[in-house]
Structure formats: structure tokens, C-alpha cells
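Asker: Hey, dropping work24.cif in here, mmCIF, C-alpha atoms:
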```
data_start
loop_
_atom_site.label_atom_id
_atom_site.label_comp_id
_atom_site.auth_asym_id
_atom_site.auth_seq_id
_atom_site.Cartn_x
_atom_site.Cartn_y
_atom_site.Cartn_z
CA MET A 533 213.94 149.46 167.67
CA ILE A 534 213.52 145.73 167.20
CA LYS A 535 209.74 146.15 167.51
CA GLN A 536 209.88 148.57 164.59
CA TYR A 537 211.71 146.00 162.43
CA GLU A 538 209.11 143.41 163.36
CA LYS A 539 206.33 145.78 162.39
CA ASN A 540 208.05 146.61 159.06
CA ALA A 541 208.70 142.96 158.32
CA LYS A 542 205.07 142.01 158.92
CA LEU A 543 203.84 144.91 156.85
CA CYS A 544 206.12 143.92 153.96
CA PHE A 545 204.93 140.33 154.21
CA GLU A 546 201.29 141.35 154.10
CA ASN A 547 202.02 143.40 150.99
CA LYS A 548 203.87 140.43 149.43
CA GLN A 549 207.15 142.38 149.47
CA TYR A 550 209.16 139.31 150.45
CA GLN A 551 212.62 140.75 149.78
CA GLY A 552 211.82 143.77 151.93
CA CYS A 553 210.50 141.48 154.64
CA LEU A 554 213.69 139.38 154.54
CA LYS A 555 215.77 142.53 154.81
CA ALA A 556 213.91 143.64 157.93
CA CYS A 557 214.16 140.12 159.39
CA PHE A 558 217.90 139.82 158.88
CA THR A 559 218.55 143.32 160.20
CA ALA A 560 216.59 142.41 163.32
CA MET A 561 218.64 139.23 163.52
CA SER A 562 221.85 141.28 163.77
CA ILE A 563 220.38 142.95 166.87
CA ASN A 564 218.95 139.82 168.47
CA PRO A 565 219.27 136.48 166.67
CA GLU A 566 217.25 134.60 169.26
CA LEU A 567 213.84 135.86 168.18
CA GLN A 568 211.69 133.15 166.73
CA TRP A 569 209.44 135.44 164.66
CA ILE A 570 212.48 136.29 162.47
CA TYR A 571 212.90 132.69 161.36
CA ASP A 572 209.17 132.11 161.02
CA LEU A 573 208.67 135.09 158.75
CA SER A 574 211.86 134.39 156.76
CA GLY A 575 210.72 130.79 156.29
CA TYR A 576 207.39 131.89 154.85
CA CYS A 577 209.08 134.53 152.67
CA TYR A 578 211.44 131.98 151.13
CA MET A 579 208.50 129.64 150.67
CA ASN A 580 206.63 132.31 148.73
CA LEU A 581 209.78 132.97 146.71
CA GLN A 582 209.86 129.20 146.01
CA MET A 583 213.26 128.90 147.66
CA TYR A 584 212.29 125.78 149.56
CA SER A 585 215.65 124.60 150.88
CA GLN A 586 216.19 128.05 152.42
CA SER A 587 212.69 128.00 153.82
CA ARG A 588 213.33 124.59 155.37
CA GLY A 589 216.49 125.94 156.99
CA CYS A 590 214.57 128.78 158.64
CA PHE A 591 211.87 126.44 159.99
CA ASN A 592 214.62 124.17 161.27
CA THR A 593 215.93 127.06 163.38
CA SER A 594 212.42 128.00 164.53
CA LYS A 595 211.95 124.40 165.63
CA ASP A 596 215.27 124.58 167.46
CA LEU A 597 214.02 127.62 169.38
CA GLU A 598 210.64 126.04 170.24
CA THR A 599 209.77 124.09 173.40
CA ASP A 600 206.03 123.48 172.90
CA GLU A 601 205.56 119.96 171.48
CA ASN A 602 202.55 120.84 169.31
CA LYS A 603 204.39 123.75 167.76
CA ILE A 604 207.43 121.54 167.14
CA LYS A 605 205.16 119.11 165.28
CA ASN A 606 203.88 121.98 163.17
CA TYR A 607 207.43 122.97 162.25
CA GLU A 608 208.19 119.37 161.35
CA ARG A 609 205.19 119.36 159.05
CA LEU A 610 206.42 122.58 157.38
CA ILE A 611 209.92 121.16 156.99
CA LYS A 612 208.50 118.03 155.38
CA LEU A 613 206.40 120.13 153.04
CA CYS A 614 209.50 122.10 151.97
CA TYR A 615 211.35 118.85 151.32
CA GLU A 616 208.55 117.62 149.10
CA LYS A 617 208.37 120.88 147.15
CA GLU A 618 212.14 120.89 146.80
CA ASN A 619 212.13 117.37 145.39
CA ILE A 620 209.38 118.23 142.92
CA ASP A 621 211.49 121.21 141.77
CA LYS A 622 214.56 119.02 141.43
CA HIS A 623 212.63 116.43 139.48
CA ASN A 624 211.24 119.10 137.15
CA ASN A 625 214.71 120.58 136.62
CA ASN A 626 216.17 117.17 135.83
CA THR A 627 213.49 116.27 133.34
CA ARG A 628 213.66 119.63 131.58
CA MET B 146 245.74 98.24 120.77
CA LYS B 147 244.01 101.57 121.22
CA LYS B 148 243.53 102.47 124.90
CA LYS B 149 240.20 103.66 126.25
CA ILE B 150 241.56 106.70 127.99
CA SER B 151 244.49 109.09 127.70
CA ILE B 152 245.91 110.67 130.82
CA ASN B 153 247.26 114.18 130.17
CA ILE B 154 249.83 115.45 132.67
CA ILE B 155 252.10 118.50 132.56
CA THR B 156 255.17 118.70 134.77
CA THR B 157 255.83 122.37 135.49
CA HIS B 158 258.39 122.18 138.29
CA ASP B 159 260.00 119.73 140.69
CA GLU B 160 257.19 117.57 141.84
CA PRO B 161 257.54 115.10 144.72
CA TYR B 162 254.16 113.52 143.93
CA LEU B 163 254.85 112.83 140.26
CA ARG B 164 255.46 109.08 140.63
CA GLN B 165 252.50 108.69 143.00
CA CYS B 166 250.34 110.64 140.58
CA LEU B 167 251.25 108.46 137.61
CA GLU B 168 250.88 105.25 139.59
CA SER B 169 247.52 106.26 141.03
CA VAL B 170 245.90 106.13 137.58
CA LYS B 171 247.65 102.95 136.45
CA ASP B 172 244.55 100.77 136.95
CA LEU B 173 242.80 102.70 134.21
CA ASP B 174 245.32 101.13 131.85
CA PRO B 175 245.73 104.53 130.19
CA GLU B 176 247.74 106.03 127.41
CA TYR B 177 250.10 108.38 129.27
CA ILE B 178 250.63 111.68 127.44
CA ILE B 179 253.15 113.67 129.47
CA GLY B 180 254.21 117.23 128.84
CA TYR B 181 257.75 117.79 130.10
CA THR B 182 258.61 121.47 130.34
CA GLY B 183 262.28 121.18 131.16
CA ASP B 184 262.03 123.15 134.36
CA THR B 185 262.46 119.97 136.38
CA SER B 186 265.10 117.63 137.74
CA LYS B 187 266.79 114.76 135.86
CA GLU B 188 265.11 112.30 138.18
CA GLU B 189 261.73 113.68 137.22
CA TYR B 190 262.58 113.38 133.55
CA GLU B 191 263.43 109.70 134.10
CA ILE B 192 260.07 109.11 135.79
CA CYS B 193 258.30 110.77 132.86
CA LYS B 194 260.19 108.57 130.40
CA GLU B 195 259.37 105.46 132.41
CA PHE B 196 255.61 106.02 132.17
CA ALA B 197 255.06 108.03 129.01
CA ASP B 198 253.53 106.56 125.89
CA GLU B 199 254.18 109.97 124.42
CA LEU B 200 256.60 112.41 126.02
CA ASP B 201 256.18 115.94 124.71
CA VAL B 202 259.18 118.10 125.59
CA PHE B 203 258.60 121.84 125.28
CA GLU B 204 259.45 125.13 126.95
CA TRP B 205 257.07 126.35 129.65
CA LYS B 206 255.35 129.51 128.39
CA ASP B 207 253.33 130.52 131.46
CA ASP B 208 250.26 129.26 129.63
CA PHE B 209 248.39 126.19 130.84
CA SER B 210 246.01 126.09 127.88
CA TYR B 211 248.89 126.04 125.42
CA ALA B 212 250.41 123.11 127.26
CA ARG B 213 247.16 121.17 127.66
CA ASN B 214 246.15 121.72 124.04
CA ARG B 215 249.47 120.24 122.90
CA LEU B 216 248.73 117.11 124.91
CA ILE B 217 245.15 116.83 123.63
CA LYS B 218 246.47 116.81 120.08
CA LYS B 219 248.78 113.93 120.90
CA SER B 220 246.08 111.85 122.64
CA THR B 221 244.71 108.98 120.60
CA SER B 222 242.15 107.47 123.00
CA ASP B 223 238.42 108.15 122.95
CA TRP B 224 238.49 109.74 126.37
CA ILE B 225 240.89 112.22 127.98
CA LEU B 226 241.39 112.69 131.71
CA TRP B 227 243.73 115.47 132.77
CA ILE B 228 245.36 115.61 136.15
CA ASP B 229 248.20 117.68 137.56
CA SER B 230 251.46 116.19 138.72
CA ASP B 231 250.73 117.12 142.35
CA GLU B 232 247.43 115.24 142.35
CA THR B 233 246.49 111.63 142.93
CA ILE B 234 243.30 109.63 142.55
CA GLU B 235 242.28 107.08 145.20
CA LYS B 236 241.61 103.48 144.22
CA GLU B 237 237.85 103.68 144.81
CA SER B 238 237.58 106.65 142.50
CA ILE B 239 239.65 104.90 139.84
CA GLN B 240 237.21 101.99 140.04
CA ARG B 241 234.33 104.42 139.56
CA ILE B 242 236.01 105.98 136.53
CA ASN B 243 236.50 102.48 135.11
CA ASP B 244 232.82 101.75 135.73
CA LEU B 245 231.92 104.97 133.95
CA LEU B 246 234.10 104.10 130.96
CA ASN B 247 232.54 100.66 130.75
CA SER B 248 229.02 102.04 130.87
CA ASN B 249 227.12 103.52 128.00
CA LEU B 250 228.21 107.12 128.56
CA LYS B 251 225.82 109.60 127.01
CA ASN B 252 227.40 112.73 128.42
CA LEU B 253 230.69 113.75 126.82
CA TYR B 254 231.95 115.89 129.71
CA HIS B 255 232.47 114.82 133.30
CA SER B 256 233.27 116.83 136.37
CA PHE B 257 234.98 115.27 139.40
CA LYS B 258 235.48 116.51 142.93
CA LEU B 259 238.87 118.16 143.47
CA ILE B 260 239.91 118.07 147.12
CA HIS B 261 242.38 120.78 148.05
CA GLY B 262 243.29 120.73 151.75
CA SER B 263 240.06 121.24 153.64
CA THR B 264 238.25 122.65 150.62
CA SER B 265 236.77 121.09 147.52
CA MET B 266 235.17 122.00 144.23
CA GLY B 267 233.83 120.37 141.09
CA GLN B 268 236.04 120.52 138.04
CA LEU B 269 235.68 119.25 134.49
CA ARG B 270 238.33 116.56 134.25
CA MET B 271 237.24 113.95 131.72
CA PHE B 272 235.92 114.56 128.24
CA PHE B 273 235.42 112.87 124.92
CA ASN B 274 238.33 113.36 122.56
CA THR B 275 237.07 115.31 119.58
CA GLU B 276 238.89 117.45 117.08
CA ASN B 277 237.37 120.78 118.05
CA ILE B 278 237.91 120.51 121.78
CA LYS B 279 240.51 122.76 123.37
CA PHE B 280 241.41 124.79 126.45
CA GLU B 281 241.26 128.55 126.61
CA LYS B 282 243.00 131.05 128.97
CA LYS B 283 246.53 130.94 130.25
CA ILE B 284 245.49 129.94 133.74
CA HIS B 285 242.26 128.67 135.31
CA GLU B 286 241.81 127.35 131.84
CA ARG B 287 238.44 126.20 130.65
CA ILE B 288 237.21 123.94 127.93
CA ILE B 289 235.68 125.51 124.85
CA PRO B 290 233.11 125.26 123.41
CA ASP B 291 231.16 125.95 126.63
CA VAL B 292 229.86 122.69 128.02
CA TYR B 293 227.71 121.42 130.86
CA PRO B 294 229.52 118.52 132.46
CA LYS B 295 227.89 115.76 134.45
CA ASN B 296 228.95 116.06 138.09
CA HIS B 297 230.42 113.04 139.87
CA PRO B 298 231.16 114.16 143.44
CA GLU B 299 231.87 110.55 144.37
CA ILE B 300 234.95 110.59 142.14
CA GLN B 301 237.64 112.43 144.03
CA ILE B 302 240.98 113.84 142.99
CA ILE B 303 243.33 114.77 145.81
CA HIS B 304 245.49 117.85 145.35
CA HIS B 305 248.55 117.63 147.60
CA VAL B 306 249.00 121.15 148.90
CA GLN B 307 252.68 122.06 149.06
CA ASN B 308 254.26 125.43 148.63
CA ILE B 309 251.23 127.70 148.32
CA THR B 310 253.30 130.88 148.12
CA ARG B 311 255.33 129.59 145.17
CA SER B 312 252.32 128.52 143.14
CA SER B 313 250.31 131.62 144.11
CA LEU B 314 253.14 133.95 143.02
CA ARG B 315 253.39 132.09 139.72
CA ASN B 316 249.63 132.29 139.26
CA ILE B 317 249.51 136.01 140.10
CA HIS B 318 252.27 136.67 137.56
CA ILE B 319 250.32 134.85 134.82
CA LEU B 320 246.99 136.40 135.82
CA GLU B 321 248.31 139.95 135.91
CA ASN B 322 249.85 139.49 132.47
CA GLU B 323 246.57 138.12 131.21
CA LEU B 324 244.74 141.11 132.71
CA LYS B 325 247.13 143.47 130.89
CA GLU B 326 246.49 141.66 127.61
CA ASN B 327 242.74 141.39 128.13
CA PRO B 328 241.66 144.21 130.45
CA ASN B 329 238.02 143.40 129.77
CA ASP B 330 238.34 139.84 131.01
CA LEU B 331 237.40 140.64 134.57
CA ASP B 332 237.37 137.03 135.72
CA ASN B 333 241.08 137.49 136.31
CA ASN B 334 240.35 139.85 139.21
CA PHE B 335 238.42 137.06 140.88
CA TYR B 336 241.38 134.69 140.75
CA ILE B 337 243.98 137.35 141.59
CA ALA B 338 241.97 138.24 144.72
CA ILE B 339 241.99 134.60 145.85
CA GLU B 340 245.71 134.19 145.18
CA TYR B 341 246.62 137.38 147.09
CA HIS B 342 244.45 136.25 149.97
CA LEU B 343 246.20 132.88 150.04
CA ILE B 344 249.61 134.50 150.44
CA GLY B 345 248.40 136.96 153.07
CA LYS B 346 248.36 140.15 150.95
CA HIS B 347 244.89 141.07 152.10
CA MET B 348 244.73 144.68 150.92
CA LYS B 349 245.58 143.62 147.38
CA ALA B 350 243.03 140.81 147.64
CA LEU B 351 240.42 143.33 148.76
CA LEU B 352 241.22 145.66 145.87
CA HIS B 353 240.82 142.96 143.22
CA ALA B 354 237.70 141.50 144.85
CA GLU B 355 236.08 144.94 144.80
CA LYS B 356 237.12 145.49 141.18
CA PHE B 357 235.55 142.17 140.28
CA LEU B 358 232.28 143.04 142.01
CA HIS B 359 232.23 146.55 140.57
CA HIS B 360 232.45 145.38 136.98
CA TYR B 361 230.73 142.02 137.12
CA LEU B 362 227.32 142.18 135.52
CA GLY B 363 226.05 138.70 136.41
CA ASP B 364 223.16 138.26 138.83
CA ASP B 365 223.59 138.59 142.57
CA ILE B 366 223.34 134.91 143.37
CA ASN B 367 226.20 134.06 141.05
CA ILE B 368 228.51 131.85 143.08
CA ARG B 369 231.59 133.96 142.28
CA LYS B 370 229.87 137.11 143.40
CA LEU B 371 228.81 135.41 146.63
CA TYR B 372 232.33 134.20 147.16
CA MET B 373 233.96 137.58 146.51
CA ARG B 374 231.61 139.27 148.97
CA TYR B 375 232.43 136.57 151.50
CA LEU B 376 236.14 137.15 150.94
CA ILE B 377 235.72 140.92 151.42
CA SER B 378 233.79 140.36 154.66
CA TYR B 379 236.36 137.87 155.85
CA ILE B 380 239.15 140.42 155.35
CA HIS B 381 237.08 143.10 157.12
CA VAL B 382 236.59 140.78 160.11
CA TYR B 383 240.02 139.21 160.44
CA HIS B 384 242.38 141.88 159.14
CA LEU B 385 240.63 145.26 159.46
CA GLN B 386 238.42 144.58 162.47
CA ASN B 387 235.68 146.45 160.63
CA TYR B 388 232.84 144.33 161.98
CA GLN B 389 230.05 146.68 161.00
CA LYS B 390 230.99 146.60 157.32
CA ALA B 391 231.42 142.83 157.34
CA MET B 392 228.07 142.38 159.04
CA GLU B 393 226.27 144.54 156.45
CA ILE B 394 227.72 142.52 153.59
CA MET B 395 227.02 139.17 155.20
CA LEU B 396 223.41 140.00 156.07
CA ALA B 397 222.78 141.00 152.46
CA GLN B 398 224.33 137.71 151.38
CA LEU B 399 222.11 135.70 153.70
CA ILE B 400 219.00 137.18 152.15
CA LEU B 401 220.23 135.88 148.79
CA ASN B 402 221.31 132.51 150.09
CA CYS B 403 220.95 131.40 153.69
CA ASN B 404 222.08 127.84 152.97
CA ILE B 405 225.79 128.49 153.12
CA ALA B 406 227.36 127.61 156.47
CA GLU B 407 230.32 129.99 156.03
CA PHE B 408 228.08 133.07 155.99
CA TRP B 409 226.53 132.16 159.33
CA CYS B 410 229.88 131.24 160.82
CA LEU B 411 231.45 134.55 159.84
CA ILE B 412 228.69 136.46 161.64
CA GLY B 413 229.16 134.08 164.57
CA ASP B 414 232.85 135.03 164.52
CA ILE B 415 231.97 138.73 164.62
CA PHE B 416 229.83 138.21 167.74
CA THR B 417 232.59 136.11 169.27
CA PHE B 418 235.10 138.90 168.68
CA ILE B 419 232.87 141.47 170.35
CA GLY B 420 232.22 139.13 173.28
CA LYS B 421 228.52 138.42 172.67
CA TYR B 422 228.93 134.70 173.03
CA LYS B 423 225.27 133.79 173.42
CA TYR B 424 224.40 135.44 170.10
CA ALA B 425 227.50 133.99 168.49
CA GLN B 426 226.29 130.54 169.51
CA ARG B 427 222.94 131.15 167.83
CA PHE B 428 224.68 132.03 164.54
CA TYR B 429 226.84 128.91 164.75
CA LYS B 430 223.71 126.88 165.45
CA ASN B 431 222.11 128.46 162.39
CA ALA B 432 225.15 127.41 160.39
CA ILE B 433 224.35 123.83 161.37
CA SER B 434 220.59 123.94 160.94
CA MET B 435 220.52 126.11 157.81
CA GLY B 436 223.92 125.97 156.18
CA GLU B 437 223.67 122.70 154.37
CA TYR B 438 225.24 123.70 151.09
CA LYS B 439 225.08 120.81 148.67
CA TYR B 440 227.66 119.87 146.12
CA ASP B 441 227.32 121.97 143.06
CA ASN B 442 229.93 123.32 140.75
CA MET B 443 232.19 125.29 142.95
CA TRP B 444 232.55 126.22 146.56
CA LEU B 445 235.41 126.46 148.98
CA VAL B 446 234.19 124.53 151.99
CA ASP B 447 234.76 121.08 153.29
CA LEU B 448 231.39 119.77 152.26
CA ASP B 449 231.45 116.59 154.29
CA LYS B 450 232.20 118.39 157.53
CA TYR B 451 230.43 121.72 157.19
CA ASP B 452 229.29 121.49 160.82
CA THR B 453 232.68 120.79 162.43
CA TYR B 454 233.72 124.41 162.80
CA PRO B 455 230.42 125.75 164.19
CA LYS B 456 230.18 122.83 166.65
CA THR B 457 233.65 123.61 167.97
CA MET B 458 232.85 127.30 168.22
CA ILE B 459 229.60 126.66 170.14
CA GLN B 460 231.66 124.81 172.77
CA ARG B 461 234.30 127.52 172.89
CA CYS B 462 231.66 130.22 173.33
CA GLU B 463 230.14 128.21 176.18
CA ILE B 464 233.52 128.16 177.94
CA ARG B 465 234.05 131.88 177.30
CA LYS B 466 230.56 132.68 178.58
CA ASN B 467 231.28 130.86 181.86
CA ILE B 468 234.67 132.51 182.28
CA ASP B 469 233.08 135.93 181.80
CA ILE B 470 230.33 135.16 184.35
CA GLN B 471 232.94 134.02 186.90
CA LYS B 472 235.00 137.14 186.23
CA PHE B 473 231.92 139.30 186.61
CA ASN B 474 230.99 137.58 189.91
CA GLN B 475 234.52 138.01 191.20
CA GLU B 476 234.49 141.70 190.37
CA ILE B 477 231.23 142.39 192.20
CA ASN B 478 232.34 140.34 195.21
CA GLU B 479 235.58 142.22 195.64
CA PRO B 480 235.45 144.56 198.65
CA ILE B 481 235.46 148.23 197.84
CA ILE B 482 238.51 149.83 199.43
CA PRO B 483 237.87 153.43 200.43
#
```
Transcribe the structure of this file into C-alpha cells.
Answerer:
Amino acid sequence: MIKQYEKNAKLCFENKQYQGCLKACFTAMSINPELQWIYDLSGYCYMNLQMYSQSRGCFNTSKDLETDENKIKNYERLIKLCYEKENIDKHNNNTR
Amino acid sequence: MKKKISINIITTHDEPYLRQCLESVKDLDPEYIIGYTGDTSKEEYEICKEFADELDVFEWKDDFSYARNRLIKKSTSDWILWIDSDETIEKESIQRINDLLNSNLKNLYHSFKLIHGSTSMGQLRMFFNTENIKFEKKIHERIIPDVYPKNHPEIQIIHHVQNITRSSLRNIHILENELKENPNDLDNNFYIAIEYHLIGKHMKALLHAEKFLHHYLGDDINIRKLYMRYLISYIHVYHLQNYQKAMEIMLAQLILNCNIAEFWCLIGDIFTFIGKYKYAQRFYKNAISMGEYKYDNMWLVDLDKYDTYPKTMIQRCEIRKNIDIQKFNQEINEPIIP
């Protein structure tokens, strides 16, 4: 069943249906919360929805689940990117 | 000489913190405007007299706005800060308020952090004294016209929690009357739900929370909506043991906002209850890595220590996991007696 959720989530993501993708991800999470793909996909969904602090949170968890050093570095880069985008958003909101 | 700031305080019932409250704001050198409602002891009246620049004696009408508006009218300073008689302000925060008053304040409305037990929220507490400003609603009163205050989370007001049941019953009485008078003002359901939950009447809390959600037309990420759904899930987990329902609600919440530690923790609690400790630990870990809710206008968590609970639960789950493994090993090692 979890494979089906993964398939649905990826399909939604490819079709830019980010809410649908998140729904599939979080449903899968209730079955097995230890799967890294859930947090990866959710992170990218939130990023596309411009919800950067949420995206950063997901990549944080992905990083937590990762053991490969190169992949950890990649997550750190993504987290930093989210921070930067978040700060730009904050700055824009404050100057509005 | 005209003072810079008026402190508005209402005494509604016997209040052991009254003197502390009045003394805590002394360094602001304020004009004390005290509303004395008569429902208090002689000793309390003497304390009021001792501090008050203006002592307004009137009958309590189960209406906070009425009382606060009376005090606003009697305030002569440029700024008004209202606090309740069971609240105090720490010295550091008083210094910060003084700094604010001595700076060139552009914003006319200021929100401070109200600390209530282990929870906190932002609340509009200081505003510029103008003729048209007033409070509206009998309870959970708000300033009108609608304003956007500047948040100062570094300025903290401590609410000394005492008899929750007494104040909740009073609040429910006022809120239910208000709901009868204004059935379309559905905000009251939100507050009634919280009050019933506080005094342990969970079914009534559930009823009002669902009424609020049913009629509320605001968007789904509205903080009150998020909070009411959280409350409903909490009751389903802790009082109805309906984990499936709670899980459905919480997962939908997480899609809307995965930054709130409480949501992750509640799912962690569900997995703890059903004995899936490894998964529970993951949700508590997510609460730490993802649930970093930042100070905004209102939320009911201890913002400085949002990771304390999940950290404790991760350890507890580890212990439980080991106990279960030992128990399991014992069971399979026991000889089978024919």
C-alpha cells in the first residue's frame, strides 16, 4: 500500500499538484514515518508553494534520516537556500 | 505634572497578587486608574486606595469592556497600559517599556507577551490614549477600531494562575450570555470550548469547538481554526481514545502547517498509546526538527521550550521499547508446558 502512496505522490508532484502530493506523503507517513522520500517530496512541495520554513523543516528531517555525508551536505545546502528565501520573504513583507 | 502612562486595573474578586501587581509597575511612575467593583475584601479596598490616583467604584456587570472603557475615560496620560490584578511585570520588562516610552514611538498600539502557566500569547496591552479608542465585547474584549499592534515578545507579563475553575465558570457564564445576545458572533464558541476544556468538561468543549469550525468562514490556516482542530484531536486522543479520527485531523493540519510542534507531538502520543514506540519517536523527533513555531500573535505553547516535551517522550519511548523487547524475549524463552 505504501508503494501506491509513493507512486501517487510522485505523480501529483510531476503534475504540479502539490497539495495532492502532500496529502499522499502525510498519509504514507501515518503508515511508516521513517521513509525519507516522504520528507524529500514534502520539502520540495512546500518549496514550490513558497512555504520555505515548512520546506526547511522537511529537509531537516530528511537530513536527520540520512547517513551518507555527501547527501547530508546537499540537505544542508537546501536548508540554507530555504533560510535565504524565507528571509527575502520576511524582508519584503516588512517593507510592504 | 502629567504622567507619561496610565495603568488601568480592574479588581473583580479577592486577589492575592493585587499589591504585587501594583508594585511591579511602580518604576513606570504611572498614573494608577483602578476600577474597584466592590466584590472584594476591605483589605483589598485599602490597597486600591493606597495606590490609586483615581479610584473608580462601580458594580461589576459581567462585562470587561464596560469596566475597561470607564477606566480609559478617566486616564489622563498619553499612553495607557492595562493589566489585570492577578498579573505582574518583571523588572526587565518594565525597563523595556520605559525605553519604549522614551523613544520616538511611531506605532500607537503595542502587544506584549502574556505568560500563563506554561503557555504564552501576544496581547495588545499598551496604546495611545485617544478619544475614540474603546474596548468591545463583554469578555475577551478587543480594542476598536481594529488595529495592528507592534509585537514586543521581549516584554513579558506574568499571569499568576490560581483558581482556574472559578475563573472559567465565570467566563463561561459571560460567554454563554453573550452568545444568547449575539448568536451570530461565533467567536464565543471558540472561547467557550477552551474554557470547558480547562475545567475538564470535554464533551461540551468538543461540541463548541465543532460549532465554531462548522460556522467559521475564515481560511483554513487561520490560527483559531488550527487551534480548534488541535483541541478536537486532543480530546479524541486523551478522552475518547478515538485515535483514527485524531490522526486524520492532525495529518490534515500538518499539510497546512507542519511548523507547529504540538501537531507532531499529538501524533507521537497516538503511536505511544498504541505501543509503536519507534514510530512515536520519529514523530517526536519531527516535532523538534520541524516544529519551530515562532512568536506571532497567538498560540498556546511554551515557545521557549517547545522541544522539552518531545525530548522527554523520546527517552520514555526508548525505555518502553527496551521493556517490550525484554518481555518478548522472556515470553519466547519460557518453556512450553504440555
Asker: What residues in chain A have any atom no more than 12 Å from chain B when counting all atoms listed in the file, and can you write them as a VMD selection string?
Answerer: chain A and resid 550 to 568 571 574 to 575 577 to 578 581 583 to 597 611 626
Asker: Return the single residue from B:Ile317, B:Leu371, B:Cys410, B:Leu259 that is closest to Pro298 (chain B), with distances computed using only C-alpha atoms.
Answerer: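 Going through B:Ile317, B:Leu371, B:Cys410, B:Leu259 one by one, the smallest distance to Pro298 (chain B) is for B:Leu259.
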Asker: When you draw a straight line from CA of Thr275 (chain B) to CA of Lys218 (chain B), how long is it in Å?
Answerer: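 A separation of 9.5 Å between them.
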Asker: Which residue, B:Gln165, B:Ser312, B:Asn387, B:Thr157, has the smallest gap to Thr182 (chain B) when you use all atoms listed in the file?
Answerer: B:Thr157
Asker: Around region 278-291 of chain B, with edges along x, y and z and 3 Å added on all six sides, what centre and edge lengths do you get, in Å to one decimal, as lines of an AutoDock Vina configuration file?
Answerer:
```
center_x = 238.8
center_y = 125.8
center_z = 128.5
size_x = 21.4
size_y = 16.5
size_z = 19.5
```
Asker: May I have the residues within 12 Å of Thr156 (chain B) as an MDAnalysis selection string, using all atoms listed in the file and disregarding those fewer than 3 positions away in the same chain?
Answerer: chainID B and resid 153 159:164 166:167 178:186 189:190 192:193 200:205 209 212:213 216 228:232
Asker: Mind giving me the straight-line distance from CA of Ile234 (chain B) to CA of Ile300 (chain B) in Å, one decimal?
Answerer: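 Going from CA of Ile234 (chain B) over to CA of Ile300 (chain B) covers 8.4 Å.
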Asker: May I ask for the distance between CA of Phe196 (chain B) and CA of Phe280 (chain B), given in Å to one decimal place?
Answerer: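 CA of Phe280 (chain B) lies 24.2 Å from CA of Phe196 (chain B).
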Asker: Which residues are near Arg315 (chain B)? Cut-off 12 Å, all atoms listed in the file, ignore same chain within fewer than 2 positions. Put them as a count of residues only.
Answerer: 24
Asker: With the file shown as input, list the residues that the PyMOL selection byres ((chain B and resi 240) around 12) selects, as a VMD selection string.
Answerer: chain B and resid 169 to 174 234 to 239 241 to 247 299 to 301
Asker: If you keep C-alpha atoms, can you produce a file of those selected residues as a PDB file, in the coordinates of the input?
Answerer:
```pdb
ATOM      1  CA  SER B 169     247.520 106.260 141.030  1.00  0.00           C
ATOM      2  CA  VAL B 170     245.900 106.130 137.580  1.00  0.00           C
ATOM      3  CA  LYS B 171     247.650 102.950 136.450  1.00  0.00           C
ATOM      4  CA  ASP B 172     244.550 100.770 136.950  1.00  0.00           C
ATOM      5  CA  LEU B 173     242.800 102.700 134.210  1.00  0.00           C
ATOM      6  CA  ASP B 174     245.320 101.130 131.850  1.00  0.00           C
ATOM      7  CA  ILE B 234     243.300 109.630 142.550  1.00  0.00           C
ATOM      8  CA  GLU B 235     242.280 107.080 145.200  1.00  0.00           C
ATOM      9  CA  LYS B 236     241.610 103.480 144.220  1.00  0.00           C
ATOM     10  CA  GLU B 237     237.850 103.680 144.810  1.00  0.00           C
ATOM     11  CA  SER B 238     237.580 106.650 142.500  1.00  0.00           C
ATOM     12  CA  ILE B 239     239.650 104.900 139.840  1.00  0.00           C
ATOM     13  CA  ARG B 241     234.330 104.420 139.560  1.00  0.00           C
ATOM     14  CA  ILE B 242     236.010 105.980 136.530  1.00  0.00           C
ATOM     15  CA  ASN B 243     236.500 102.480 135.110  1.00  0.00           C
ATOM     16  CA  ASP B 244     232.820 101.750 135.730  1.00  0.00           C
ATOM     17  CA  LEU B 245     231.920 104.970 133.950  1.00  0.00           C
ATOM     18  CA  LEU B 246     234.100 104.100 130.960  1.00  0.00           C
ATOM     19  CA  ASN B 247     232.540 100.660 130.750  1.00  0.00           C
ATOM     20  CA  GLU B 299     231.870 110.550 144.370  1.00  0.00           C
ATOM     21  CA  ILE B 300     234.950 110.590 142.140  1.00  0.00           C
ATOM     22  CA  GLN B 301     237.640 112.430 144.030  1.00  0.00           C
TER      23      GLN B 301
END
```
